[in-house]
file input18.pdb (PDB, C-alpha atoms)
ATOM      1  CA  MET A  24      59.889   3.969 -30.393
ATOM      2  CA  LYS A  25      59.573   0.231 -29.897
ATOM      3  CA  ARG A  26      62.004  -1.574 -27.621
ATOM      4  CA  LYS A  27      63.245  -3.841 -30.447
ATOM      5  CA  ASN A  28      64.149  -0.817 -32.570
ATOM      6  CA  LEU A  29      66.033   0.704 -29.678
ATOM      7  CA  ILE A  30      67.971  -2.541 -29.188
ATOM      8  CA  LEU A  31      68.825  -2.671 -32.894
ATOM      9  CA  ILE A  32      70.018   0.919 -32.932
ATOM     10  CA  GLY A  33      72.056   0.322 -29.788
ATOM     11  CA  LEU A  34      73.724  -2.773 -31.261
ATOM     12  CA  SER A  35      74.495  -0.953 -34.508
ATOM     13  CA  LEU A  36      76.083   1.959 -32.666
ATOM     14  CA  LEU A  37      78.123  -0.447 -30.549
ATOM     15  CA  CYS A  38      79.406  -2.268 -33.646
ATOM     16  CA  LEU A  39      80.242   0.993 -35.413
ATOM     17  CA  SER A  40      82.172   2.229 -32.427
ATOM     18  CA  LEU A  41      84.439  -0.862 -32.366
ATOM     19  CA  PRO A  42      86.902   0.169 -35.123
ATOM     20  CA  SER A  43      87.468   3.512 -33.476
ATOM     21  CA  PHE A  44      89.109   2.022 -30.387
ATOM     22  CA  ALA A  45      92.620   3.356 -30.061
ATOM     23  CA  LEU A  46      95.426   1.988 -27.974
ATOM     24  CA  ALA A  47      94.564   3.220 -24.535
ATOM     25  CA  GLN A  48      97.544   1.632 -22.846
ATOM     26  CA  VAL A  49     100.737  -0.095 -23.902
ATOM     27  CA  GLN A  50     102.892  -2.289 -21.699
ATOM     28  CA  ALA A  51     106.508  -1.591 -22.567
ATOM     29  CA  ARG A  52     109.616  -3.306 -21.278
ATOM     30  CA  VAL A  53     112.947  -1.550 -21.300
ATOM     31  CA  ARG A  54     116.112  -3.480 -20.600
ATOM     32  CA  ILE A  55     119.339  -1.579 -20.305
ATOM     33  CA  ILE A  56     122.384  -3.685 -21.109
ATOM     34  CA  GLU A  57     126.060  -2.956 -20.917
ATOM     35  CA  ALA A  58     127.897  -4.649 -23.780
ATOM     36  CA  SER A  59     131.656  -4.832 -23.745
ATOM     37  CA  ASN A  60     134.661  -6.805 -24.860
ATOM     38  CA  VAL A  61     136.251  -6.597 -21.444
ATOM     39  CA  SER A  62     134.169  -9.218 -19.748
ATOM     40  CA  SER A  63     133.034 -12.479 -21.235
ATOM     41  CA  GLY A  64     129.959 -14.545 -20.648
ATOM     42  CA  ASN A  65     126.377 -13.521 -20.479
ATOM     43  CA  ASP A  66     124.130 -12.385 -17.696
ATOM     44  CA  PRO A  67     121.661 -15.221 -16.914
ATOM     45  CA  ALA A  68     118.903 -12.606 -16.892
ATOM     46  CA  LEU A  69     119.508 -12.112 -20.616
ATOM     47  CA  ARG A  70     119.023 -15.739 -21.615
ATOM     48  CA  ASP A  71     116.045 -14.945 -23.854
ATOM     49  CA  VAL A  72     117.919 -12.313 -25.907
ATOM     50  CA  ARG A  73     121.405 -13.846 -25.811
ATOM     51  CA  ASP A  74     121.133 -15.427 -29.254
ATOM     52  CA  GLN A  75     119.644 -12.296 -30.753
ATOM     53  CA  LEU A  76     122.384 -10.094 -29.315
ATOM     54  CA  GLY A  77     125.068 -12.570 -30.370
ATOM     55  CA  SER A  78     123.793 -12.603 -33.955
ATOM     56  CA  LEU A  79     123.710  -8.799 -34.154
ATOM     57  CA  PHE A  80     126.801  -7.624 -32.285
ATOM     58  CA  ASN A  81     130.375  -8.679 -31.721
ATOM     59  CA  PHE A  82     130.697  -8.033 -28.041
ATOM     60  CA  SER A  83     132.080 -10.733 -25.800
ATOM     61  CA  GLY A  84     129.895 -10.017 -22.801
ATOM     62  CA  TYR A  85     126.498  -8.570 -21.930
ATOM     63  CA  ARG A  86     125.381  -7.449 -18.493
ATOM     64  CA  LEU A  87     121.857  -6.400 -17.526
ATOM     65  CA  LEU A  88     121.912  -3.068 -15.743
ATOM     66  CA  LYS A  89     118.215  -2.430 -15.470
ATOM     67  CA  ASP A  90     114.930  -4.100 -16.361
ATOM     68  CA  VAL A  91     111.905  -1.797 -16.206
ATOM     69  CA  ASN A  92     108.255  -2.332 -17.116
ATOM     70  CA  LEU A  93     106.374   0.765 -18.166
ATOM     71  CA  ASN A  94     102.640   1.390 -18.493
ATOM     72  CA  LEU A  95     102.438   3.877 -21.317
ATOM     73  CA  ALA A  96      99.305   5.936 -21.778
ATOM     74  CA  GLY A  97      98.593   8.662 -24.309
ATOM     75  CA  ASN A  98     101.195  11.434 -24.369
ATOM     76  CA  ARG A  99     102.385  10.879 -20.807
ATOM     77  CA  PRO A 100     106.168  10.416 -20.791
ATOM     78  CA  ALA A 101     107.614   7.595 -18.708
ATOM     79  CA  VAL A 102     111.139   8.202 -17.522
ATOM     80  CA  VAL A 103     113.755   5.536 -16.890
ATOM     81  CA  GLN A 104     116.836   6.535 -14.967
ATOM     82  CA  VAL A 105     119.802   4.927 -16.705
ATOM     83  CA  HIS A 106     122.367   6.196 -14.248
ATOM     84  CA  PRO A 107     122.746   9.578 -12.540
ATOM     85  CA  GLY A 108     122.570  12.264 -15.147
ATOM     86  CA  ARG A 109     121.365  10.023 -17.959
ATOM     87  CA  THR A 110     117.703   9.209 -18.568
ATOM     88  CA  MET A 111     115.487   7.633 -21.163
ATOM     89  CA  GLU A 112     112.030   9.043 -21.784
ATOM     90  CA  VAL A 113     109.365   6.977 -23.585
ATOM     91  CA  THR A 114     106.015   8.443 -24.646
ATOM     92  CA  LEU A 115     103.091   6.770 -26.358
ATOM     93  CA  VAL A 116     102.079   9.345 -28.964
ATOM     94  CA  GLY A 117      99.560   7.390 -31.015
ATOM     95  CA  GLU A 118      98.643   4.358 -33.043
ATOM     96  CA  TYR A 119      99.215   3.547 -36.687
ATOM     97  CA  ARG A 120      97.899   0.356 -38.301
ATOM     98  CA  LYS A 121      97.849  -1.539 -35.044
ATOM     99  CA  MET A 122     101.344  -0.352 -34.177
ATOM    100  CA  ALA A 123     102.168   1.818 -31.214
ATOM    101  CA  GLU A 124     103.902   5.064 -32.062
ATOM    102  CA  LEU A 125     106.508   5.736 -29.426
ATOM    103  CA  LYS A 126     108.633   8.804 -28.974
ATOM    104  CA  ILE A 127     111.964   8.013 -27.347
ATOM    105  CA  LYS A 128     114.414  10.519 -25.945
ATOM    106  CA  LEU A 129     117.819   9.858 -24.479
ATOM    107  CA  MET A 130     118.956  12.667 -22.222
ATOM    108  CA  ARG A 131     122.336  13.527 -20.783
ATOM    109  CA  GLU A 132     121.843  16.034 -17.991
ATOM    110  CA  SER A 133     119.315  18.363 -19.612
ATOM    111  CA  ALA A 134     120.557  17.878 -23.176
ATOM    112  CA  THR A 135     118.767  15.558 -25.588
ATOM    113  CA  ILE A 136     121.326  13.285 -27.191
ATOM    114  CA  LEU A 137     118.786  11.283 -29.170
ATOM    115  CA  ASN A 138     115.251  12.100 -30.203
ATOM    116  CA  THR A 139     113.422   9.490 -32.252
ATOM    117  CA  GLN A 140     109.929   8.250 -33.019
ATOM    118  CA  VAL A 141     109.303   4.616 -33.853
ATOM    119  CA  ARG A 142     106.369   2.388 -34.741
ATOM    120  CA  LEU A 143     106.367  -0.821 -32.817
ATOM    121  CA  SER A 144     104.159  -3.882 -33.353
ATOM    122  CA  SER A 145     103.165  -5.891 -30.346
ATOM    123  CA  GLY A 146     105.947  -8.315 -29.443
ATOM    124  CA  ARG A 147     108.585  -6.652 -31.678
ATOM    125  CA  THR A 148     111.820  -5.195 -30.377
ATOM    126  CA  ILE A 149     113.719  -1.979 -30.923
ATOM    127  CA  LEU A 150     117.365  -1.813 -29.922
ATOM    128  CA  ILE A 151     119.023   1.507 -29.347
ATOM    129  CA  GLY A 152     122.732   1.268 -28.686
ATOM    130  CA  GLY A 153     126.022   3.035 -28.861
ATOM    131  CA  PRO A 154     126.382   5.502 -25.997
ATOM    132  CA  ARG A 155     129.583   4.753 -24.128
ATOM    133  CA  HIS A 156     129.328   3.245 -20.664
ATOM    134  CA  GLY A 157     132.435   2.270 -18.773
ATOM    135  CA  ALA A 158     134.560   0.074 -20.942
ATOM    136  CA  GLY A 159     131.673  -0.765 -23.217
ATOM    137  CA  VAL A 160     128.459   0.648 -24.626
ATOM    138  CA  LEU A 161     124.828   0.799 -23.583
ATOM    139  CA  ILE A 162     122.123  -1.089 -25.441
ATOM    140  CA  PHE A 163     118.498  -0.295 -24.733
ATOM    141  CA  VAL A 164     116.147  -3.156 -25.600
ATOM    142  CA  LEU A 165     112.600  -1.892 -25.944
ATOM    143  CA  SER A 166     109.603  -4.117 -26.583
ATOM    144  CA  ALA A 167     105.894  -3.561 -26.201
ATOM    145  CA  ARG A 168     102.723  -5.573 -25.678
ATOM    146  CA  PHE A 169      99.195  -4.313 -26.324
TER     147      PHE A 169
ATOM    148  CA  MET B   9       8.299   9.457 -38.130
ATOM    149  CA  LYS B  10       8.596   5.940 -39.512
ATOM    150  CA  ASP B  11      12.108   6.680 -40.679
ATOM    151  CA  ARG B  12      12.941   7.928 -37.179
ATOM    152  CA  CYS B  13      11.417   4.728 -35.719
ATOM    153  CA  SER B  14      13.596   2.510 -37.906
ATOM    154  CA  VAL B  15      16.702   4.476 -36.868
ATOM    155  CA  VAL B  16      15.833   4.356 -33.157
ATOM    156  CA  SER B  17      14.793   0.693 -33.192
ATOM    157  CA  ALA B  18      18.165  -0.202 -34.660
ATOM    158  CA  LEU B  19      19.812   1.573 -31.719
ATOM    159  CA  LEU B  20      17.529   0.315 -28.946
ATOM    160  CA  GLU B  21      19.524  -2.773 -28.046
ATOM    161  CA  ARG B  22      22.733  -0.748 -27.682
ATOM    162  CA  TYR B  23      20.747   1.918 -25.777
ATOM    163  CA  HIS B  24      19.557  -0.739 -23.355
ATOM    164  CA  ASP B  25      23.157  -1.920 -22.856
ATOM    165  CA  GLN B  26      24.232   1.735 -22.364
ATOM    166  CA  GLU B  27      26.549   1.593 -25.338
ATOM    167  CA  VAL B  28      25.248   4.587 -27.308
ATOM    168  CA  THR B  29      26.869   7.990 -27.623
ATOM    169  CA  GLU B  30      25.514  11.030 -25.828
ATOM    170  CA  GLU B  31      24.061  12.345 -29.103
ATOM    171  CA  GLU B  32      22.383   9.015 -29.900
ATOM    172  CA  ARG B  33      21.025   8.819 -26.356
ATOM    173  CA  ARG B  34      19.403  12.281 -26.706
ATOM    174  CA  LEU B  35      17.950  11.333 -30.067
ATOM    175  CA  ILE B  36      16.481   8.064 -28.716
ATOM    176  CA  GLU B  37      15.066   9.559 -25.541
ATOM    177  CA  ASP B  38      13.525  12.449 -27.469
ATOM    178  CA  HIS B  39      11.901   9.968 -29.843
ATOM    179  CA  LEU B  40      10.778   7.575 -27.076
ATOM    180  CA  SER B  41       8.871  10.405 -25.358
ATOM    181  CA  GLN B  42       6.732  10.770 -28.492
ATOM    182  CA  CYS B  43       6.541   7.181 -29.843
ATOM    183  CA  PRO B  44       4.638   4.495 -27.869
ATOM    184  CA  SER B  45       5.552   1.675 -30.293
ATOM    185  CA  CYS B  46       9.281   2.302 -29.780
ATOM    186  CA  ARG B  47       8.694   2.451 -26.017
ATOM    187  CA  ASP B  48       7.071  -1.006 -26.290
ATOM    188  CA  LEU B  49      10.006  -2.241 -28.301
ATOM    189  CA  LEU B  50      12.410  -0.981 -25.624
ATOM    190  CA  SER B  51      10.391  -2.687 -22.919
ATOM    191  CA  THR B  52      10.469  -5.953 -24.917
ATOM    192  CA  THR B  53      14.223  -5.636 -25.381
ATOM    193  CA  ALA B  54      14.623  -5.161 -21.624
ATOM    194  CA  GLN B  55      12.477  -8.229 -20.918
ATOM    195  CA  ILE B  56      14.474 -10.374 -23.340
ATOM    196  CA  GLY B  57      17.677  -9.184 -21.675
ATOM    197  CA  THR B  58      16.321 -10.165 -18.292
ATOM    198  CA  LEU B  59      15.202 -13.544 -19.598
ATOM    199  CA  ILE B  60      18.701 -14.271 -20.830
ATOM    200  CA  LYS B  61      20.514 -12.848 -17.816
ATOM    201  CA  LEU B  62      18.544 -14.576 -15.090
ATOM    202  CA  PRO B  63      19.326 -18.227 -15.936
ATOM    203  CA  ILE B  64      23.015 -17.342 -16.405
ATOM    204  CA  GLN B  65      23.089 -15.668 -12.999
ATOM    205  CA  GLU B  66      21.355 -18.644 -11.375
ATOM    206  CA  ALA B  67      23.700 -21.113 -13.060
ATOM    207  CA  SER B  68      26.760 -19.169 -12.010
ATOM    208  CA  GLU B  69      25.494 -19.075  -8.422
ATOM    209  CA  ARG B  70      25.028 -22.824  -8.441
ATOM    210  CA  ALA B  71      28.366 -23.573 -10.085
ATOM    211  CA  ASP B  72      31.235 -24.832  -7.938
ATOM    212  CA  PHE B  73      34.198 -23.123  -9.581
ATOM    213  CA  ASP B  74      36.676 -24.304  -6.931
ATOM    214  CA  ARG B  75      35.901 -27.919  -7.650
ATOM    215  CA  THR B  76      36.099 -27.375 -11.418
ATOM    216  CA  TRP B  77      39.485 -25.660 -11.076
ATOM    217  CA  THR B  78      40.752 -28.501  -8.881
ATOM    218  CA  LYS B  79      39.777 -30.929 -11.640
ATOM    219  CA  ILE B  80      41.538 -28.853 -14.322
ATOM    220  CA  ARG B  81      44.678 -28.551 -12.208
ATOM    221  CA  ARG B  82      44.723 -32.292 -11.618
ATOM    222  CA  GLU B  83      44.562 -32.872 -15.376
ATOM    223  CA  ILE B  84      47.426 -30.429 -15.976
ATOM    224  CA  GLU B  85      49.562 -32.095 -13.327
ATOM    225  CA  LYS B  86      48.877 -35.505 -14.873
ATOM    226  CA  ARG B  87      50.566 -34.423 -18.111
ATOM    227  CA  GLU B  88      54.255 -35.310 -18.329
ATOM    228  CA  PRO B  89      56.518 -32.288 -18.751
ATOM    229  CA  LEU B  90      58.032 -31.845 -22.202
ATOM    230  CA  PRO B  91      61.681 -32.812 -22.598
ATOM    231  CA  TRP B  92      63.938 -29.740 -22.335
ATOM    232  CA  TRP B  93      64.894 -29.823 -26.025
ATOM    233  CA  GLU B  94      61.250 -29.778 -27.111
ATOM    234  CA  SER B  95      60.356 -26.923 -24.787
ATOM    235  CA  PHE B  96      63.506 -25.067 -25.900
ATOM    236  CA  GLY B  97      62.503 -25.642 -29.560
ATOM    237  CA  ASP B  98      59.024 -24.336 -28.898
ATOM    238  CA  ARG B  99      60.366 -21.228 -27.195
ATOM    239  CA  LEU B 100      62.893 -20.693 -29.990
ATOM    240  CA  LYS B 101      60.175 -20.995 -32.637
ATOM    241  CA  ALA B 102      58.000 -18.553 -30.749
ATOM    242  CA  SER B 103      60.793 -16.041 -30.341
ATOM    243  CA  LEU B 104      61.851 -16.344 -34.001
ATOM    244  CA  PHE B 105      58.282 -15.814 -35.073
ATOM    245  CA  SER B 106      57.935 -12.736 -32.908
ATOM    246  CA  TRP B 107      61.272 -11.386 -34.212
ATOM    247  CA  LYS B 108      60.506 -12.245 -37.828
ATOM    248  CA  ARG B 109      60.060  -8.643 -38.870
ATOM    249  CA  ALA B 110      63.025  -7.450 -36.866
ATOM    250  CA  TRP B 111      65.735  -9.992 -37.596
ATOM    251  CA  ILE B 112      65.875  -9.539 -41.382
ATOM    252  CA  PRO B 113      66.841  -5.844 -41.220
ATOM    253  CA  ALA B 114      68.991  -6.680 -38.176
ATOM    254  CA  MET B 115      70.915  -9.290 -40.190
ATOM    255  CA  ALA B 116      71.337  -6.814 -43.054
ATOM    256  CA  ALA B 117      72.632  -4.170 -40.646
ATOM    257  CA  ALA B 118      74.965  -6.707 -39.036
ATOM    258  CA  LEU B 119      76.366  -7.705 -42.462
ATOM    259  CA  ILE B 120      77.012  -4.059 -43.335
ATOM    260  CA  VAL B 121      78.745  -3.516 -40.000
ATOM    261  CA  VAL B 122      80.860  -6.666 -40.436
ATOM    262  CA  GLY B 123      81.778  -5.441 -43.917
ATOM    263  CA  LEU B 124      82.815  -2.079 -42.516
ATOM    264  CA  ILE B 125      85.011  -3.749 -39.913
ATOM    265  CA  VAL B 126      86.491  -6.600 -41.945
ATOM    266  CA  GLY B 127      86.814  -4.715 -45.244
ATOM    267  CA  PRO B 128      89.529  -2.288 -44.196
ATOM    268  CA  VAL B 129      91.428  -5.110 -42.467
ATOM    269  CA  LEU B 130      91.381  -7.247 -45.639
ATOM    270  CA  LEU B 131      92.274  -4.321 -47.849
ATOM    271  CA  GLU B 132      95.003  -3.172 -45.509
ATOM    272  CA  ASP B 133      98.381  -2.742 -47.066
ATOM    273  CA  GLN B 134     100.513  -5.771 -46.241
ATOM    274  CA  SER B 135     103.713  -3.776 -46.644
ATOM    275  CA  PRO B 136     106.723  -4.067 -44.333
ATOM    276  CA  LEU B 137     105.132  -1.350 -42.208
ATOM    277  CA  LYS B 138     103.859  -4.274 -40.175
ATOM    278  CA  ILE B 139     107.281  -4.472 -38.605
ATOM    279  CA  SER B 140     108.958  -1.931 -36.419
ATOM    280  CA  SER B 141     109.892   1.178 -38.249
ATOM    281  CA  VAL B 142     111.669   4.358 -37.415
ATOM    282  CA  GLU B 143     109.782   7.508 -38.292
ATOM    283  CA  TYR B 144     112.585   9.902 -37.547
ATOM    284  CA  VAL B 145     115.862  10.181 -35.628
ATOM    285  CA  GLU B 146     117.548  13.357 -34.505
ATOM    286  CA  SER B 147     120.846  13.555 -32.705
ATOM    287  CA  ALA B 148     123.175  16.478 -32.395
ATOM    288  CA  ASP B 149     125.890  14.470 -30.678
ATOM    289  CA  TYR B 150     125.983  11.206 -32.592
ATOM    290  CA  ASN B 151     125.998   9.798 -36.050
ATOM    291  CA  VAL B 152     123.073   7.434 -36.401
ATOM    292  CA  MET B 153     122.713   4.167 -38.272
ATOM    293  CA  ILE B 154     119.395   2.387 -38.595
ATOM    294  CA  TYR B 155     119.329  -1.335 -39.254
ATOM    295  CA  GLU B 156     116.260  -3.491 -39.862
ATOM    296  CA  GLY B 157     116.798  -7.190 -39.096
ATOM    297  CA  GLU B 158     116.360  -9.560 -42.044
ATOM    298  CA  LYS B 159     113.465 -11.340 -40.392
ATOM    299  CA  GLY B 160     111.911  -7.998 -39.606
ATOM    300  CA  ASN B 161     111.559  -8.716 -35.927
ATOM    301  CA  VAL B 162     114.162  -6.269 -34.745
ATOM    302  CA  THR B 163     115.144  -2.703 -35.499
ATOM    303  CA  ILE B 164     118.448  -1.252 -34.359
ATOM    304  CA  ILE B 165     119.262   2.407 -33.918
ATOM    305  CA  TRP B 166     123.005   2.644 -33.351
ATOM    306  CA  LEU B 167     124.716   5.797 -32.192
ATOM    307  CA  PHE B 168     128.333   6.435 -33.148
ATOM    308  CA  ASP B 169     130.440   9.003 -31.376
ATOM    309  CA  ARG B 170     131.563  11.621 -33.846
ATOM    310  CA  SER B 171     135.089  11.098 -32.515
ATOM    311  CA  ASP B 172     134.871   7.497 -33.815
ATOM    312  CA  GLU B 173     134.645   8.741 -37.390
ATOM    313  CA  GLU B 174     137.473   7.683 -39.539
ATOM    314  CA  VAL B 175     139.795  10.521 -40.451
ATOM    315  CA  PRO B 176     140.465  10.499 -44.155
ATOM    316  CA  ALA B 177     144.113   9.869 -44.980
ATOM    317  CA  SER B 178     145.865  13.006 -46.065
TER     318      SER B 178
END
call {"tool": "encode", "arguments": {"input": "input18.pdb", "output": "structure tokens"}}
result
Amino acid sequence: MKRKNLILIGLSLLCLSLPSFALAQVQARVRIIEASNVSSGNDPALRDVRDQLGSLFNFSGYRLLKDVNLNLAGNRPAVVQVHPGRTMEVTLVGEYRKMAELKIKLMRESATILNTQVRLSSGRTILIGGPRHGAGVLIFVLSARF
Amino acid sequence: MKDRCSVVSALLERYHDQEVTEEERRLIEDHLSQCPSCRDLLSTTAQIGTLIKLPIQEASERADFDRTWTKIRREIEKREPLPWWESFGDRLKASLFSWKRAWIPAMAAALIVVGLIVGPVLLEDQSPLKISSVEYVESADYNVMIYEGEKGNVTIIWLFDRSDEEVPAS
């Protein structure tokens, strides 16, 4: 077979293989926030989400407890320790229309208190909130880039 | 015999230059052993060959190729080099010409591939699935509310303690 033909076939195969690329890795950021009406004022570390939180919730104060970056790869759970006995587990399970499919579990001791699967576009945010924490509640802010 | 002579005479020049096949060589040599006129013809052919070859050999022995090549090189060096855009154009023309048969099917294949890639993207459903969406939520301990922000840039999953539920007035 001539060299030109081989080059053409190679290029064609390369082009055809492009659409089949799946998300190999997703960079996720999890911020764990304590929201309460006991304290007032906002944590300076939450400047970028202050307005968003203020427009969504009625709490008087927000405090960042943890800020974790996760490298998610196919079906390998990443675990974030919220505080002793409570963990969050995030797993990249697939891709759907350029959105990452993430499975999220909140665990108390060994019991699963929340099990959910979400589709997240790059740069979008998912908030999971409600579990009690001290005088307030926990809010998990999850965003992803890929 | 005459027919054989005409066949052999047509082959004699090639025979002299050793360009005949093994079969032709056998045929010629067999005929030459019996035919004096063809032998004469072969001898004449050989003489003519020698007559032509000798002066060429003598001329080539006399010729000063080194000097001639020096002259040619000097002439080449005298020529100004082409501007880069002209030489690039020449090379491009040459490469396009050599690829003429290949690039038309290549372009067609490329268009098909582009269509396969771009088509599904253009036809893709532009529904709100573009934003974050919750596929499922399970919780044994909490009541769950899902809220999608108006601008579609945020999704909230809120967990309510079951003890927070309002007790209906009795």
call {"tool": "atom_distance", "arguments": {"input": "input18.pdb", "atom1": "CA of Ile149 (chain A)", "atom2": "CA of Glu118 (chain A)"}}
result
16.5 Å
call {"tool": "interface_residues", "arguments": {"input": "input18.pdb", "of": "chain A", "to": "chain B", "cutoff": "7 Å", "atoms": "all atoms listed in the file", "output": "list in words"}}
result
Leu31, Cys38, Leu39, Pro42, Ile136, Leu137, Asn138, Thr139, Gln140, Val141, Arg142, Leu143, Ser144, Arg147, Thr148, Ile149, Leu150, Ile151, Gly152, Gly153 and Pro154 of chain A
call {"tool": "write_last_selection", "arguments": {"input": "input18.pdb", "atoms": "C-alpha atoms", "output": "mmCIF file, in the frame of the given file"}}
result
data_model
loop_
_atom_site.group_PDB
_atom_site.id
_atom_site.type_symbol
_atom_site.label_atom_id
_atom_site.label_comp_id
_atom_site.auth_asym_id
_atom_site.auth_seq_id
_atom_site.Cartn_x
_atom_site.Cartn_y
_atom_site.Cartn_z
ATOM 1 C CA LEU A 31 68.825 -2.671 -32.894
ATOM 2 C CA CYS A 38 79.406 -2.268 -33.646
ATOM 3 C CA LEU A 39 80.242 0.993 -35.413
ATOM 4 C CA PRO A 42 86.902 0.169 -35.123
ATOM 5 C CA ILE A 136 121.326 13.285 -27.191
ATOM 6 C CA LEU A 137 118.786 11.283 -29.170
ATOM 7 C CA ASN A 138 115.251 12.100 -30.203
ATOM 8 C CA THR A 139 113.422 9.490 -32.252
ATOM 9 C CA GLN A 140 109.929 8.250 -33.019
ATOM 10 C CA VAL A 141 109.303 4.616 -33.853
ATOM 11 C CA ARG A 142 106.369 2.388 -34.741
ATOM 12 C CA LEU A 143 106.367 -0.821 -32.817
ATOM 13 C CA SER A 144 104.159 -3.882 -33.353
ATOM 14 C CA ARG A 147 108.585 -6.652 -31.678
ATOM 15 C CA THR A 148 111.820 -5.195 -30.377
ATOM 16 C CA ILE A 149 113.719 -1.979 -30.923
ATOM 17 C CA LEU A 150 117.365 -1.813 -29.922
ATOM 18 C CA ILE A 151 119.023 1.507 -29.347
ATOM 19 C CA GLY A 152 122.732 1.268 -28.686
ATOM 20 C CA GLY A 153 126.022 3.035 -28.861
ATOM 21 C CA PRO A 154 126.382 5.502 -25.997
#
call {"tool": "residues_around", "arguments": {"input": "input18.pdb", "residues": "region 100-111 of chain A", "least_positions_apart": "3", "cutoff": "7 Å", "atoms": "only C-alpha atoms", "output": "list of chain:residue names"}}
result
A:Leu93, A:Leu95, A:Thr114, A:Lys128, A:Leu129, A:Met130, A:Arg131, A:Glu132
call {"tool": "atom_distance", "arguments": {"input": "input18.pdb", "atom1": "CA of Gly159 (chain A)", "atom2": "CA of Ile55 (chain A)"}}
result
12.7 Å
call {"tool": "atom_distance", "arguments": {"input": "input18.pdb", "atom1": "CA of Glu57 (chain A)", "atom2": "CA of Val113 (chain A)"}}
result
19.6 Å
call {"tool": "resolve_selection", "arguments": {"input": "input18.pdb", "expression": "the PyMOL selection byres ((chain B and resi 11-22) around 9)", "output": "PDB file with C-alpha atoms, in the coordinates of the input"}}
result
ATOM      1  CA  MET B   9       8.299   9.457 -38.130  1.00  0.00           C
ATOM      2  CA  LYS B  10       8.596   5.940 -39.512  1.00  0.00           C
ATOM      3  CA  TYR B  23      20.747   1.918 -25.777  1.00  0.00           C
ATOM      4  CA  HIS B  24      19.557  -0.739 -23.355  1.00  0.00           C
ATOM      5  CA  ASP B  25      23.157  -1.920 -22.856  1.00  0.00           C
ATOM      6  CA  GLN B  26      24.232   1.735 -22.364  1.00  0.00           C
ATOM      7  CA  GLU B  27      26.549   1.593 -25.338  1.00  0.00           C
ATOM      8  CA  VAL B  28      25.248   4.587 -27.308  1.00  0.00           C
ATOM      9  CA  GLU B  32      22.383   9.015 -29.900  1.00  0.00           C
ATOM     10  CA  LEU B  35      17.950  11.333 -30.067  1.00  0.00           C
ATOM     11  CA  ILE B  36      16.481   8.064 -28.716  1.00  0.00           C
ATOM     12  CA  HIS B  39      11.901   9.968 -29.843  1.00  0.00           C
ATOM     13  CA  LEU B  40      10.778   7.575 -27.076  1.00  0.00           C
ATOM     14  CA  CYS B  43       6.541   7.181 -29.843  1.00  0.00           C
ATOM     15  CA  SER B  45       5.552   1.675 -30.293  1.00  0.00           C
ATOM     16  CA  CYS B  46       9.281   2.302 -29.780  1.00  0.00           C
ATOM     17  CA  LEU B  49      10.006  -2.241 -28.301  1.00  0.00           C
ATOM     18  CA  LEU B  50      12.410  -0.981 -25.624  1.00  0.00           C
ATOM     19  CA  THR B  53      14.223  -5.636 -25.381  1.00  0.00           C
ATOM     20  CA  ALA B  54      14.623  -5.161 -21.624  1.00  0.00           C
TER      21      ALA B  54
END
call {"tool": "resolve_selection", "arguments": {"input": "input18.pdb", "expression": "the PyMOL selection byres ((chain A and resi 166) around 7)", "output": "PDB file with C-alpha atoms, in the coordinates of the input"}}
result
ATOM      1  CA  ALA A  51     106.508  -1.591 -22.567  1.00  0.00           C
ATOM      2  CA  ARG A  52     109.616  -3.306 -21.278  1.00  0.00           C
ATOM      3  CA  VAL A  53     112.947  -1.550 -21.300  1.00  0.00           C
ATOM      4  CA  GLY A 146     105.947  -8.315 -29.443  1.00  0.00           C
ATOM      5  CA  ARG A 147     108.585  -6.652 -31.678  1.00  0.00           C
ATOM      6  CA  THR A 148     111.820  -5.195 -30.377  1.00  0.00           C
ATOM      7  CA  ILE A 149     113.719  -1.979 -30.923  1.00  0.00           C
ATOM      8  CA  VAL A 164     116.147  -3.156 -25.600  1.00  0.00           C
ATOM      9  CA  LEU A 165     112.600  -1.892 -25.944  1.00  0.00           C
ATOM     10  CA  ALA A 167     105.894  -3.561 -26.201  1.00  0.00           C
TER      11      ALA A 167
END
call {"tool": "residues_around", "arguments": {"input": "input18.pdb", "residues": "Asp74 (chain A)", "least_positions_apart": "6", "cutoff": "12 Å", "atoms": "all atoms listed in the file", "output": "PyMOL selection string"}}
result
chain A and resi 65+80-81+85
